[in-house]
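Undergrad: Next up, target04.pdb (PDB, C-alpha atoms, pLDDT in the B column).
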ATOM      1  CA  MET A 133       1.391   2.870  -9.740  1.00 93.00           C
ATOM      2  CA  LYS A 134      -0.364  -0.142 -11.178  1.00 93.00           C
ATOM      3  CA  GLU A 135      -2.435  -2.129  -8.682  1.00 95.00           C
ATOM      4  CA  ASN A 136      -0.935  -5.329  -7.351  1.00 98.00           C
ATOM      5  CA  ARG A 137      -3.987  -7.578  -7.449  1.00 98.00           C
ATOM      6  CA  LEU A 138      -2.476  -9.970  -4.924  1.00 98.00           C
ATOM      7  CA  ARG A 139      -2.734  -7.305  -2.236  1.00 98.00           C
ATOM      8  CA  THR A 140      -6.299  -6.487  -3.332  1.00 98.00           C
ATOM      9  CA  LEU A 141      -7.400 -10.122  -3.133  1.00 98.00           C
ATOM     10  CA  TRP A 142      -5.832 -10.556   0.293  1.00 98.00           C
ATOM     11  CA  LYS A 143      -7.453  -7.418   1.663  1.00 98.00           C
ATOM     12  CA  GLU A 144     -10.783  -8.887   0.536  1.00 98.00           C
ATOM     13  CA  GLY A 145     -10.001 -12.153   2.352  1.00 97.00           C
ATOM     14  CA  ARG A 146      -9.704 -14.077  -0.899  1.00 98.00           C
ATOM     15  CA  SER A 147      -7.081 -16.476  -2.203  1.00 98.00           C
ATOM     16  CA  ALA A 148      -4.984 -16.100  -5.341  1.00 98.00           C
ATOM     17  CA  VAL A 149      -4.616 -18.993  -7.775  1.00 98.00           C
ATOM     18  CA  ASN A 150      -1.099 -19.034  -9.176  1.00 98.00           C
ATOM     19  CA  GLY A 151       0.272 -20.818 -12.216  1.00 98.00           C
ATOM     20  CA  TRP A 152       3.885 -21.860 -12.726  1.00 98.00           C
ATOM     21  CA  LEU A 153       6.084 -21.143 -15.745  1.00 98.00           C
ATOM     22  CA  ALA A 154       9.028 -23.437 -16.405  1.00 97.00           C
ATOM     23  CA  ILE A 155       9.202 -23.219 -20.213  1.00 98.00           C
ATOM     24  CA  PRO A 156      11.573 -20.372 -21.211  1.00 98.00           C
ATOM     25  CA  ASP A 157       9.391 -18.886 -23.915  1.00 97.00           C
ATOM     26  CA  GLY A 158       7.274 -15.767 -24.329  1.00 98.00           C
ATOM     27  CA  ALA A 159       4.622 -17.480 -26.434  1.00 98.00           C
ATOM     28  CA  SER A 160       3.887 -20.183 -23.868  1.00 97.00           C
ATOM     29  CA  ALA A 161       3.832 -17.559 -21.090  1.00 98.00           C
ATOM     30  CA  GLU A 162       1.363 -15.534 -23.145  1.00 98.00           C
ATOM     31  CA  VAL A 163      -0.907 -18.551 -23.601  1.00 98.00           C
ATOM     32  CA  MET A 164      -0.870 -19.225 -19.862  1.00 98.00           C
ATOM     33  CA  ALA A 165      -1.504 -15.558 -19.058  1.00 98.00           C
ATOM     34  CA  HIS A 166      -4.747 -15.602 -21.044  1.00 98.00           C
ATOM     35  CA  GLN A 167      -6.258 -18.515 -19.094  1.00 97.00           C
ATOM     36  CA  GLY A 168      -7.534 -16.610 -16.061  1.00 97.00           C
ATOM     37  CA  TRP A 169      -4.838 -17.173 -13.423  1.00 98.00           C
ATOM     38  CA  ASP A 170      -4.607 -14.525 -10.714  1.00 98.00           C
ATOM     39  CA  ALA A 171      -0.802 -14.718 -10.859  1.00 98.00           C
ATOM     40  CA  LEU A 172       1.902 -16.494 -12.834  1.00 98.00           C
ATOM     41  CA  THR A 173       5.334 -17.281 -11.449  1.00 98.00           C
ATOM     42  CA  VAL A 174       8.405 -17.470 -13.647  1.00 98.00           C
ATOM     43  CA  ASP A 175      10.631 -20.109 -12.071  1.00 98.00           C
ATOM     44  CA  MET A 176      14.292 -19.154 -12.266  1.00 98.00           C
ATOM     45  CA  GLN A 177      15.402 -21.532  -9.529  1.00 97.00           C
ATOM     46  CA  HIS A 178      14.655 -24.880 -11.148  1.00 95.00           C
ATOM     47  CA  GLY A 179      14.218 -25.637 -14.796  1.00 80.00           C
ATOM     48  CA  LEU A 180      15.320 -23.793 -17.887  1.00 95.00           C
ATOM     49  CA  VAL A 181      14.597 -20.079 -17.496  1.00 98.00           C
ATOM     50  CA  ASP A 182      17.442 -17.553 -17.592  1.00 97.00           C
ATOM     51  CA  TYR A 183      17.218 -13.784 -17.130  1.00 98.00           C
ATOM     52  CA  ALA A 184      16.701 -12.892 -20.793  1.00 98.00           C
ATOM     53  CA  ALA A 185      13.915 -15.456 -21.135  1.00 98.00           C
ATOM     54  CA  MET A 186      12.325 -14.184 -17.910  1.00 98.00           C
ATOM     55  CA  VAL A 187      12.129 -10.656 -19.324  1.00 98.00           C
ATOM     56  CA  ARG A 188      10.425 -11.921 -22.491  1.00 98.00           C
ATOM     57  CA  MET A 189       7.961 -13.892 -20.371  1.00 98.00           C
ATOM     58  CA  LEU A 190       7.099 -10.847 -18.255  1.00 98.00           C
ATOM     59  CA  GLN A 191       6.570  -8.850 -21.438  1.00 98.00           C
ATOM     60  CA  ALA A 192       4.233 -11.542 -22.761  1.00 98.00           C
ATOM     61  CA  MET A 193       2.084 -11.324 -19.614  1.00 98.00           C
ATOM     62  CA  SER A 194       1.782  -7.542 -19.646  1.00 96.00           C
ATOM     63  CA  ALA A 195      -1.301  -7.412 -21.901  1.00 94.00           C
ATOM     64  CA  THR A 196      -3.302  -9.357 -19.301  1.00 97.00           C
ATOM     65  CA  PRO A 197      -4.422  -8.698 -15.687  1.00 97.00           C
ATOM     66  CA  VAL A 198      -2.261 -11.523 -14.338  1.00 98.00           C
ATOM     67  CA  VAL A 199       0.200 -10.568 -11.572  1.00 98.00           C
ATOM     68  CA  PRO A 200       3.785 -11.274 -12.703  1.00 98.00           C
ATOM     69  CA  VAL A 201       5.802 -13.125 -10.069  1.00 98.00           C
ATOM     70  CA  VAL A 202       9.397 -14.369 -10.209  1.00 98.00           C
ATOM     71  CA  ARG A 203      10.954 -17.101  -8.104  1.00 98.00           C
ATOM     72  CA  VAL A 204      14.584 -16.090  -7.994  1.00 98.00           C
ATOM     73  CA  PRO A 205      17.356 -18.706  -7.962  1.00 98.00           C
ATOM     74  CA  TRP A 206      18.589 -17.833  -4.464  1.00 98.00           C
ATOM     75  CA  LEU A 207      18.823 -15.172  -1.778  1.00 98.00           C
ATOM     76  CA  GLU A 208      21.144 -12.844  -3.678  1.00 98.00           C
ATOM     77  CA  PRO A 209      20.698  -9.080  -4.052  1.00 98.00           C
ATOM     78  CA  GLY A 210      21.540  -8.751  -7.733  1.00 98.00           C
ATOM     79  CA  ILE A 211      18.896 -11.087  -9.107  1.00 98.00           C
ATOM     80  CA  LEU A 212      16.235  -9.853  -6.679  1.00 98.00           C
ATOM     81  CA  MET A 213      16.780  -6.256  -7.787  1.00 98.00           C
ATOM     82  CA  LYS A 214      17.016  -7.102 -11.497  1.00 98.00           C
ATOM     83  CA  SER A 215      13.789  -9.154 -11.331  1.00 98.00           C
ATOM     84  CA  LEU A 216      11.937  -6.210  -9.805  1.00 98.00           C
ATOM     85  CA  ASP A 217      13.505  -3.775 -12.287  1.00 98.00           C
ATOM     86  CA  ALA A 218      12.305  -6.051 -15.100  1.00 98.00           C
ATOM     87  CA  GLY A 219       8.703  -5.832 -13.907  1.00 98.00           C
ATOM     88  CA  ALA A 220       8.042  -8.524 -11.319  1.00 98.00           C
ATOM     89  CA  MET A 221       5.328  -7.414  -8.891  1.00 98.00           C
ATOM     90  CA  ALA A 222       6.250 -10.174  -6.430  1.00 98.00           C
ATOM     91  CA  VAL A 223       9.341 -12.233  -5.734  1.00 99.00           C
ATOM     92  CA  ILE A 224       9.573 -15.673  -4.153  1.00 98.00           C
ATOM     93  CA  CYS A 225      12.927 -16.351  -2.517  1.00 98.00           C
ATOM     94  CA  PRO A 226      14.045 -19.954  -1.823  1.00 98.00           C
ATOM     95  CA  MET A 227      15.571 -21.353   1.340  1.00 95.00           C
ATOM     96  CA  VAL A 228      14.973 -18.512   3.783  1.00 98.00           C
ATOM     97  CA  ASN A 229      16.146 -20.249   6.933  1.00 98.00           C
ATOM     98  CA  THR A 230      16.827 -17.520   9.486  1.00 98.00           C
ATOM     99  CA  ARG A 231      15.647 -14.105  10.615  1.00 98.00           C
ATOM    100  CA  ASP A 232      18.786 -12.631   9.057  1.00 98.00           C
ATOM    101  CA  ASP A 233      17.850 -14.216   5.695  1.00 98.00           C
ATOM    102  CA  ALA A 234      14.382 -12.677   5.889  1.00 98.00           C
ATOM    103  CA  GLN A 235      15.785  -9.274   6.823  1.00 98.00           C
ATOM    104  CA  LYS A 236      18.112  -9.380   3.823  1.00 98.00           C
ATOM    105  CA  LEU A 237      15.209 -10.277   1.528  1.00 98.00           C
ATOM    106  CA  VAL A 238      13.202  -7.273   2.715  1.00 98.00           C
ATOM    107  CA  ALA A 239      16.181  -4.895   2.590  1.00 98.00           C
ATOM    108  CA  TRP A 240      17.277  -5.906  -0.900  1.00 98.00           C
ATOM    109  CA  THR A 241      13.755  -5.470  -2.300  1.00 98.00           C
ATOM    110  CA  SER A 242      13.024  -2.103  -0.659  1.00 98.00           C
ATOM    111  CA  TYR A 243      14.232   1.370  -1.557  1.00 98.00           C
ATOM    112  CA  ALA A 244      15.848   3.546   1.117  1.00 98.00           C
ATOM    113  CA  PRO A 245      15.237   4.443   3.841  1.00 97.00           C
ATOM    114  CA  ARG A 246      13.449   1.110   4.362  1.00 97.00           C
ATOM    115  CA  GLY A 247      16.058  -0.947   2.546  1.00 98.00           C
ATOM    116  CA  THR A 248      19.065  -0.992   0.242  1.00 98.00           C
ATOM    117  CA  ARG A 249      17.544  -1.700  -3.183  1.00 98.00           C
ATOM    118  CA  SER A 250      19.554   0.084  -5.854  1.00 98.00           C
ATOM    119  CA  PHE A 251      17.602   2.509  -8.029  1.00 98.00           C
ATOM    120  CA  GLY A 252      17.099   1.671 -11.701  1.00 97.00           C
ATOM    121  CA  PRO A 253      13.582   0.386 -12.490  1.00 98.00           C
ATOM    122  CA  VAL A 254      14.243   0.392 -16.245  1.00 96.00           C
ATOM    123  CA  ARG A 255      11.152  -1.584 -17.268  1.00 98.00           C
ATOM    124  CA  ALA A 256       9.109  -1.447 -14.070  1.00 98.00           C
ATOM    125  CA  GLY A 257       9.047   2.345 -14.106  1.00 96.00           C
ATOM    126  CA  MET A 258       7.834   2.326 -17.695  1.00 96.00           C
ATOM    127  CA  VAL A 259       5.020  -0.217 -17.324  1.00 96.00           C
ATOM    128  CA  PHE A 260       3.830   0.490 -13.779  1.00 96.00           C
ATOM    129  CA  GLY A 261       3.787   4.285 -13.736  1.00 94.00           C
ATOM    130  CA  ALA A 262       5.875   7.365 -13.022  1.00 94.00           C
ATOM    131  CA  ASP A 263       5.218   7.060  -9.289  1.00 97.00           C
ATOM    132  CA  TYR A 264       6.822   3.598  -9.135  1.00 98.00           C
ATOM    133  CA  PRO A 265       9.777   4.796  -7.011  1.00 97.00           C
ATOM    134  CA  GLU A 266       7.434   6.221  -4.356  1.00 97.00           C
ATOM    135  CA  GLN A 267       4.971   3.318  -4.353  1.00 98.00           C
ATOM    136  CA  ALA A 268       7.087   0.225  -5.032  1.00 98.00           C
ATOM    137  CA  ASN A 269       7.980  -0.563  -1.410  1.00 98.00           C
ATOM    138  CA  ASP A 270       4.314  -0.897  -0.455  1.00 98.00           C
ATOM    139  CA  THR A 271       3.114  -2.449  -3.726  1.00 98.00           C
ATOM    140  CA  ILE A 272       5.473  -5.318  -4.492  1.00 98.00           C
ATOM    141  CA  VAL A 273       5.105  -8.548  -2.501  1.00 98.00           C
ATOM    142  CA  ARG A 274       7.983 -10.426  -0.854  1.00 98.00           C
ATOM    143  CA  PHE A 275       7.620 -14.174  -0.289  1.00 99.00           C
ATOM    144  CA  ALA A 276      10.125 -16.084   1.857  1.00 98.00           C
ATOM    145  CA  MET A 277      10.157 -19.807   1.142  1.00 98.00           C
ATOM    146  CA  ILE A 278       9.854 -21.980   4.242  1.00 98.00           C
ATOM    147  CA  GLU A 279      11.144 -25.386   3.237  1.00 97.00           C
ATOM    148  CA  THR A 280      13.664 -26.697   5.754  1.00 97.00           C
ATOM    149  CA  ALA A 281      13.827 -27.989   9.307  1.00 97.00           C
ATOM    150  CA  GLN A 282      16.063 -25.013  10.113  1.00 98.00           C
ATOM    151  CA  ALA A 283      13.382 -22.593   8.899  1.00 98.00           C
ATOM    152  CA  LEU A 284      10.842 -24.393  11.095  1.00 98.00           C
ATOM    153  CA  ASP A 285      13.100 -23.887  14.101  1.00 98.00           C
ATOM    154  CA  ASN A 286      13.352 -20.174  13.282  1.00 98.00           C
ATOM    155  CA  LEU A 287       9.776 -19.747  12.067  1.00 98.00           C
ATOM    156  CA  ASP A 288       8.525 -17.142  14.539  1.00 98.00           C
ATOM    157  CA  ALA A 289      11.706 -15.113  14.158  1.00 98.00           C
ATOM    158  CA  ILE A 290      11.308 -15.134  10.371  1.00 98.00           C
ATOM    159  CA  LEU A 291       7.611 -14.240  10.502  1.00 98.00           C
ATOM    160  CA  SER A 292       8.274 -11.316  12.820  1.00 98.00           C
ATOM    161  CA  VAL A 293      10.490  -9.491  10.302  1.00 98.00           C
ATOM    162  CA  GLU A 294       8.884  -6.172   9.410  1.00 98.00           C
ATOM    163  CA  GLY A 295       8.164  -5.849   5.703  1.00 98.00           C
ATOM    164  CA  LEU A 296       7.931  -9.570   4.999  1.00 98.00           C
ATOM    165  CA  ASP A 297       4.568  -9.872   3.259  1.00 98.00           C
ATOM    166  CA  ALA A 298       4.197 -13.601   2.792  1.00 98.00           C
ATOM    167  CA  ILE A 299       5.734 -17.035   3.140  1.00 98.00           C
ATOM    168  CA  TYR A 300       5.622 -19.834   0.597  1.00 98.00           C
ATOM    169  CA  ILE A 301       5.885 -23.506   1.476  1.00 98.00           C
ATOM    170  CA  GLY A 302       7.776 -25.835  -0.819  1.00 95.00           C
ATOM    171  CA  PRO A 303       6.294 -29.182   0.283  1.00 97.00           C
ATOM    172  CA  SER A 304       8.905 -31.300  -1.499  1.00 96.00           C
ATOM    173  CA  ASP A 305      11.969 -29.663   0.034  1.00 97.00           C
ATOM    174  CA  LEU A 306      10.245 -29.389   3.395  1.00 97.00           C
ATOM    175  CA  SER A 307       9.439 -33.098   3.272  1.00 98.00           C
ATOM    176  CA  LEU A 308      13.019 -33.979   2.321  1.00 97.00           C
ATOM    177  CA  SER A 309      14.387 -31.873   5.153  1.00 97.00           C
ATOM    178  CA  LEU A 310      12.139 -33.752   7.598  1.00 97.00           C
ATOM    179  CA  GLY A 311      13.169 -37.175   6.308  1.00 97.00           C
ATOM    180  CA  CYS A 312       9.990 -37.715   4.264  1.00 97.00           C
ATOM    181  CA  LYS A 313       9.254 -38.488   0.625  1.00 96.00           C
ATOM    182  CA  PRO A 314       9.474 -35.318  -1.529  1.00 96.00           C
ATOM    183  CA  ILE A 315       5.939 -34.798  -2.872  1.00 93.00           C
ATOM    184  CA  PHE A 316       3.516 -31.872  -3.239  1.00 92.00           C
ATOM    185  CA  ASP A 317       0.140 -33.204  -2.188  1.00 95.00           C
ATOM    186  CA  ASP A 318      -0.275 -36.368  -0.128  1.00 95.00           C
ATOM    187  CA  VAL A 319       2.617 -35.558   2.167  1.00 97.00           C
ATOM    188  CA  GLU A 320       3.618 -37.852   5.009  1.00 97.00           C
ATOM    189  CA  PRO A 321       2.256 -37.124   8.509  1.00 97.00           C
ATOM    190  CA  LYS A 322       5.392 -35.394   9.791  1.00 98.00           C
ATOM    191  CA  ALA A 323       5.378 -32.990   6.836  1.00 98.00           C
ATOM    192  CA  ALA A 324       1.607 -32.481   7.119  1.00 98.00           C
ATOM    193  CA  GLN A 325       2.008 -31.496  10.777  1.00 98.00           C
ATOM    194  CA  ALA A 326       4.761 -29.042   9.816  1.00 98.00           C
ATOM    195  CA  ILE A 327       2.538 -27.464   7.145  1.00 98.00           C
ATOM    196  CA  ASP A 328      -0.302 -27.061   9.647  1.00 98.00           C
ATOM    197  CA  HIS A 329       2.121 -25.484  12.111  1.00 98.00           C
ATOM    198  CA  ILE A 330       3.442 -23.037   9.501  1.00 98.00           C
ATOM    199  CA  ILE A 331      -0.015 -21.823   8.449  1.00 98.00           C
ATOM    200  CA  ALA A 332      -1.055 -21.406  12.091  1.00 98.00           C
ATOM    201  CA  ARG A 333       2.014 -19.333  12.957  1.00 98.00           C
ATOM    202  CA  ALA A 334       1.731 -17.258   9.754  1.00 98.00           C
ATOM    203  CA  GLN A 335      -1.853 -16.405  10.624  1.00 98.00           C
ATOM    204  CA  ALA A 336      -0.817 -15.478  14.157  1.00 98.00           C
ATOM    205  CA  HIS A 337       1.743 -13.029  12.743  1.00 98.00           C
ATOM    206  CA  GLY A 338      -0.591 -11.645  10.085  1.00 98.00           C
ATOM    207  CA  VAL A 339       1.607 -12.939   7.262  1.00 98.00           C
ATOM    208  CA  VAL A 340       0.037 -14.388   4.108  1.00 98.00           C
ATOM    209  CA  ALA A 341       0.777 -18.075   3.531  1.00 98.00           C
ATOM    210  CA  GLY A 342       1.204 -19.705   0.141  1.00 98.00           C
ATOM    211  CA  ILE A 343       1.976 -23.264  -0.929  1.00 98.00           C
ATOM    212  CA  HIS A 344       2.804 -25.374  -3.968  1.00 97.00           C
ATOM    213  CA  ASN A 345       0.258 -28.017  -5.031  1.00 97.00           C
ATOM    214  CA  GLY A 346      -0.115 -30.629  -7.718  1.00 93.00           C
ATOM    215  CA  ARG A 347      -3.885 -31.184  -7.674  1.00 94.00           C
ATOM    216  CA  ALA A 348      -6.891 -28.881  -7.568  1.00 96.00           C
ATOM    217  CA  ASP A 349      -8.614 -30.758  -4.736  1.00 97.00           C
ATOM    218  CA  VAL A 350      -5.525 -30.387  -2.546  1.00 97.00           C
ATOM    219  CA  ALA A 351      -5.240 -26.680  -3.366  1.00 97.00           C
ATOM    220  CA  GLN A 352      -8.909 -26.173  -2.487  1.00 98.00           C
ATOM    221  CA  ALA A 353      -8.468 -27.995   0.828  1.00 98.00           C
ATOM    222  CA  ARG A 354      -5.472 -25.836   1.654  1.00 98.00           C
ATOM    223  CA  ILE A 355      -7.429 -22.667   0.866  1.00 98.00           C
ATOM    224  CA  ALA A 356     -10.022 -23.898   3.374  1.00 98.00           C
ATOM    225  CA  LYS A 357      -7.186 -24.125   5.927  1.00 97.00           C
ATOM    226  CA  GLY A 358      -6.272 -20.496   5.346  1.00 98.00           C
ATOM    227  CA  PHE A 359      -3.727 -20.462   2.533  1.00 98.00           C
ATOM    228  CA  ARG A 360      -4.146 -17.310   0.443  1.00 98.00           C
ATOM    229  CA  PHE A 361      -1.790 -18.132  -2.428  1.00 98.00           C
ATOM    230  CA  VAL A 362      -1.965 -21.576  -4.021  1.00 98.00           C
ATOM    231  CA  THR A 363       0.102 -22.713  -6.963  1.00 98.00           C
ATOM    232  CA  LEU A 364      -1.460 -25.330  -9.186  1.00 93.00           C
ATOM    233  CA  GLY A 365       0.426 -27.051 -11.949  1.00 83.00           C
ATOM    234  CA  SER A 366       3.047 -25.719 -14.348  1.00 94.00           C
ATOM    235  CA  ASP A 367       3.107 -25.098 -18.065  1.00 96.00           C
ATOM    236  CA  MET A 368       5.432 -28.067 -18.580  1.00 95.00           C
ATOM    237  CA  ARG A 369       3.336 -30.479 -16.512  1.00 94.00           C
ATOM    238  CA  ILE A 370       0.102 -29.275 -18.136  1.00 95.00           C
ATOM    239  CA  LEU A 371       1.595 -29.760 -21.594  1.00 96.00           C
ATOM    240  CA  ALA A 372       2.867 -33.231 -20.755  1.00 96.00           C
ATOM    241  CA  SER A 373      -0.344 -34.424 -19.093  1.00 94.00           C
ATOM    242  CA  GLY A 374      -2.559 -33.045 -21.871  1.00 95.00           C
ATOM    243  CA  ALA A 375      -0.456 -34.694 -24.558  1.00 96.00           C
ATOM    244  CA  GLN A 376      -0.388 -37.964 -22.609  1.00 96.00           C
ATOM    245  CA  GLN A 377      -4.172 -38.028 -22.297  1.00 95.00           C
ATOM    246  CA  LEU A 378      -4.607 -37.564 -26.044  1.00 95.00           C
ATOM    247  CA  VAL A 379      -2.093 -40.270 -26.892  1.00 97.00           C
ATOM    248  CA  GLU A 380      -3.609 -42.712 -24.390  1.00 95.00           C
ATOM    249  CA  ALA A 381      -7.073 -42.068 -25.803  1.00 94.00           C
ATOM    250  CA  MET A 382      -5.826 -42.925 -29.283  1.00 94.00           C
ATOM    251  CA  ARG A 383      -3.980 -46.039 -28.126  1.00 94.00           C
ATOM    252  CA  GLN A 384      -7.206 -47.411 -26.663  1.00 87.00           C
ATOM    253  CA  ARG A 385      -8.884 -47.499 -30.078  1.00 73.00           C
TER     254      ARG A 385
END
I'd like the structure from this file rewritten - as structure tokens, please.
TA:
Amino acid sequence: MKENRLRTLWKEGRSAVNGWLAIPDGASAEVMAHQGWDALTVDMQHGLVDYAAMVRMLQAMSATPVVPVVRVPWLEPGILMKSLDAGAMAVICPMVNTRDDAQKLVAWTSYAPRGTRSFGPVRAGMVFGADYPEQANDTIVRFAMIETAQALDNLDAILSVEGLDAIYIGPSDLSLSLGCKPIFDDVEPKAAQAIDHIIARAQAHGVVAGIHNGRADVAQARIAKGFRFVTLGSDMRILASGAQQLVEAMRQR
């Protein structure tokens, strides 16, 4: 079974730097994969990526060491299983609000007897090794997104679910749920307190914590707080900001 470098980094006490893929194209995913990210997440929840595009994007990453991650559209067994079968080594599931949600996430991404994942790793078995069926349960990573006031209320119950490897904070949705402005970085005090609470409880339960960021300085500060998976930017935002900088430079002539 191919190594999941996320697990290796975390065992070493290090943090993974994750990029975000919103453009539904293999070529752009390939360009991103060659830039040195520890992981790249294909975003199927928001944006433009469908299943066929996701498969092409995973294929484009496979010539690099980057860990392929998929954020699925929702807590639904079919897309979780198909994403893993296609070659995702980690899945991020939105809006996990209860212990029951977290238990379903673990069950649907684990083969029996641990879970109820259906067998058919058509691409994963080919690219990760013949022992994929025996090793997958302990190799893939399951992230539950914590991004609502309801999830905060149920946080310890969610974190105590056996087999849940990590949680991932969506600062914008979390802020909205708490009555704050939906932003990634300079969140309002109520949201900042919630983020601090989540990382503290995750550490207490021995669960890896990840978070979405817009700026490098914010991501670095959050690593210092204990986050071990930090997302920074997306292909679409990087493309837009790079193009904008060039155009602005020319307009100043």
Undergrad: Which one of A:Ile327, A:Ala336, A:Ala268, A:Val149 sits closest to A:Ser304 if you count only C-alpha atoms?
TA: A:Ile327
Undergrad: Measuring atom to atom with all atoms listed in the file, identify which of A:Ser307, A:Leu180, A:Met189, A:Asp170 is nearest to A:Ala323.
TA: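 The shortest atom-to-atom distance to A:Ala323 comes from A:Ser307.
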Undergrad: Expanded to explicit residues, what is the PyMOL selection byres ((chain A and resi 162) around 10) for this file, as a list in words?
TA: Asp157, Gly158, Ala159, Ser160, Ala161, Val163, Met164, Ala165, His166, Gln167, Arg188, Met189, Leu190, Gln191, Ala192, Met193, Ser194, Ala195 and Thr196 of chain A
Undergrad: Applying 7 Å and only C-alpha atoms, which residues near stretch 218-226 of chain A remain after dropping the ones on its own chain fewer than 4 positions away? List them as a PDB file with C-alpha atoms, in the frame of the given file.
TA:
ATOM      1  CA  ASN A 136      -0.935  -5.329  -7.351  1.00 98.00           C
ATOM      2  CA  VAL A 187      12.129 -10.656 -19.324  1.00 98.00           C
ATOM      3  CA  LEU A 190       7.099 -10.847 -18.255  1.00 98.00           C
ATOM      4  CA  VAL A 199       0.200 -10.568 -11.572  1.00 98.00           C
ATOM      5  CA  PRO A 200       3.785 -11.274 -12.703  1.00 98.00           C
ATOM      6  CA  VAL A 201       5.802 -13.125 -10.069  1.00 98.00           C
ATOM      7  CA  VAL A 202       9.397 -14.369 -10.209  1.00 98.00           C
ATOM      8  CA  ARG A 203      10.954 -17.101  -8.104  1.00 98.00           C
ATOM      9  CA  VAL A 204      14.584 -16.090  -7.994  1.00 98.00           C
ATOM     10  CA  TRP A 206      18.589 -17.833  -4.464  1.00 98.00           C
ATOM     11  CA  LEU A 207      18.823 -15.172  -1.778  1.00 98.00           C
ATOM     12  CA  LYS A 214      17.016  -7.102 -11.497  1.00 98.00           C
ATOM     13  CA  VAL A 254      14.243   0.392 -16.245  1.00 96.00           C
ATOM     14  CA  ARG A 255      11.152  -1.584 -17.268  1.00 98.00           C
ATOM     15  CA  ALA A 256       9.109  -1.447 -14.070  1.00 98.00           C
ATOM     16  CA  ILE A 272       5.473  -5.318  -4.492  1.00 98.00           C
ATOM     17  CA  VAL A 273       5.105  -8.548  -2.501  1.00 98.00           C
ATOM     18  CA  ARG A 274       7.983 -10.426  -0.854  1.00 98.00           C
ATOM     19  CA  PHE A 275       7.620 -14.174  -0.289  1.00 99.00           C
ATOM     20  CA  ALA A 276      10.125 -16.084   1.857  1.00 98.00           C
ATOM     21  CA  MET A 277      10.157 -19.807   1.142  1.00 98.00           C
TER      22      MET A 277
END
Undergrad: Determine, counting only C-alpha atoms, which protein, DNA and RNA residues have an atom within 7 Å of an atom of stretch 292-297 of chain A; residues of the same chain fewer than 5 positions away are not included. Present the result as a PDB file with C-alpha atoms, keeping the file's coordinate frame.
TA:
ATOM      1  CA  ARG A 231      15.647 -14.105  10.615  1.00 98.00           C
ATOM      2  CA  ALA A 234      14.382 -12.677   5.889  1.00 98.00           C
ATOM      3  CA  GLN A 235      15.785  -9.274   6.823  1.00 98.00           C
ATOM      4  CA  VAL A 238      13.202  -7.273   2.715  1.00 98.00           C
ATOM      5  CA  VAL A 273       5.105  -8.548  -2.501  1.00 98.00           C
ATOM      6  CA  ARG A 274       7.983 -10.426  -0.854  1.00 98.00           C
ATOM      7  CA  PHE A 275       7.620 -14.174  -0.289  1.00 99.00           C
ATOM      8  CA  HIS A 337       1.743 -13.029  12.743  1.00 98.00           C
ATOM      9  CA  VAL A 339       1.607 -12.939   7.262  1.00 98.00           C
ATOM     10  CA  VAL A 340       0.037 -14.388   4.108  1.00 98.00           C
TER      11      VAL A 340
END
Undergrad: Calculated over all atoms listed in the file, which of the candidates A:Phe361, A:Tyr300, A:Trp169, A:Tyr264 has the smallest distance to A:Leu153?
TA: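 Closest to A:Leu153, using all atoms listed in the file: A:Trp169.
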Undergrad: I want to know what sits within 6 Å of stretch 357-360 of chain A, based on all atoms listed in the file, with residues of the same chain fewer than 3 positions away left out; could you give that as a PDB file with C-alpha atoms, in the coordinates of the input?
TA:
ATOM      1  CA  SER A 147      -7.081 -16.476  -2.203  1.00 98.00           C
ATOM      2  CA  ALA A 148      -4.984 -16.100  -5.341  1.00 98.00           C
ATOM      3  CA  ALA A 341       0.777 -18.075   3.531  1.00 98.00           C
ATOM      4  CA  GLY A 342       1.204 -19.705   0.141  1.00 98.00           C
ATOM      5  CA  ARG A 354      -5.472 -25.836   1.654  1.00 98.00           C
TER       6      ARG A 354
END
Undergrad: Select all residues near (9.8, -19.7, 11.8) (cut-off 9 Å, inclusive, file coordinates), counting all atoms listed in the file, and output them as a count of residues only.
TA: 18
Undergrad: For atom CA of A:Thr271 and atom CA of A:Leu216, quote the distance in Å rounded to one decimal.
TA: 11.4 Å
Undergrad: Would you write out, as a PyMOL selection string, every residue that the PyMOL selection byres ((chain A and resi 369) around 12) captures in this file?
TA: chain A and resi 151-155+346-347+364-368+370-376
Undergrad: Please determine, counting only C-alpha atoms, which residue among A:Gln335, A:Thr363, A:Ala184, A:Arg146 has the shortest atom-to-atom distance to A:Ala171.
TA: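 Checking each candidate against A:Ala171, we get A:Thr363 as the closest.
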Undergrad: How far is it from atom CA of A:His344 to atom CA of A:Thr241, in Å with one decimal?
TA: 22.8 Å
Undergrad: With 6 Å of padding per side, what axis-aligned box (centre and edge lengths, Å, one decimal) covers all the listed atoms of stretch 198-212 of chain A? Give it as JSON.
TA:
{"center_x": 9.6, "center_y": -13.7, "center_z": -8.1, "size_x": 35.8, "size_y": 22.0, "size_z": 24.6}
Undergrad: In Å, rounded to a single decimal, give me how far atom CA of A:Ile343 is from atom CA of A:Ile299.
TA: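 Calculated distance between atom CA of A:Ile299 and atom CA of A:Ile343 is 8.3 Å.
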Undergrad: Which is closest to A:Gly257 among A:Ser215, A:Gly168, A:Val181, A:Met133, if we use all atoms listed in the file?
TA: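 Once distances to A:Gly257 are computed over all atoms listed in the file, the minimum belongs to A:Met133.
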Undergrad: Of the candidates A:Met176, A:Val259, A:Ala185, A:Val228, which one gets nearest to A:Pro205 if we count all atoms listed in the file?
TA: A:Met176
Undergrad: With all atoms listed in the file as the counted atoms, please give the residues lying no more than 9 Å from A:Tyr243, apart from itself and same-chain residues fewer than 3 positions off, as number ranges by chain.
TA: A: 239-240, 246-251, 265-266, 268-269
Undergrad: Kindly write C-alpha atoms of stretch 357-362 of chain A from the structure just given to a file, as an mmCIF file, in the first residue's frame.
TA:
data_model
loop_
_atom_site.group_PDB
_atom_site.id
_atom_site.type_symbol
_atom_site.label_atom_id
_atom_site.label_comp_id
_atom_site.auth_asym_id
_atom_site.auth_seq_id
_atom_site.Cartn_x
_atom_site.Cartn_y
_atom_site.Cartn_z
ATOM 1 C CA LYS A 357 -1.412 27.008 17.786
ATOM 2 C CA GLY A 358 -1.343 23.318 16.933
ATOM 3 C CA PHE A 359 -3.108 22.950 13.595
ATOM 4 C CA ARG A 360 -1.537 20.114 11.603
ATOM 5 C CA PHE A 361 -3.300 20.624 8.271
ATOM 6 C CA VAL A 362 -3.534 24.132 6.833
#
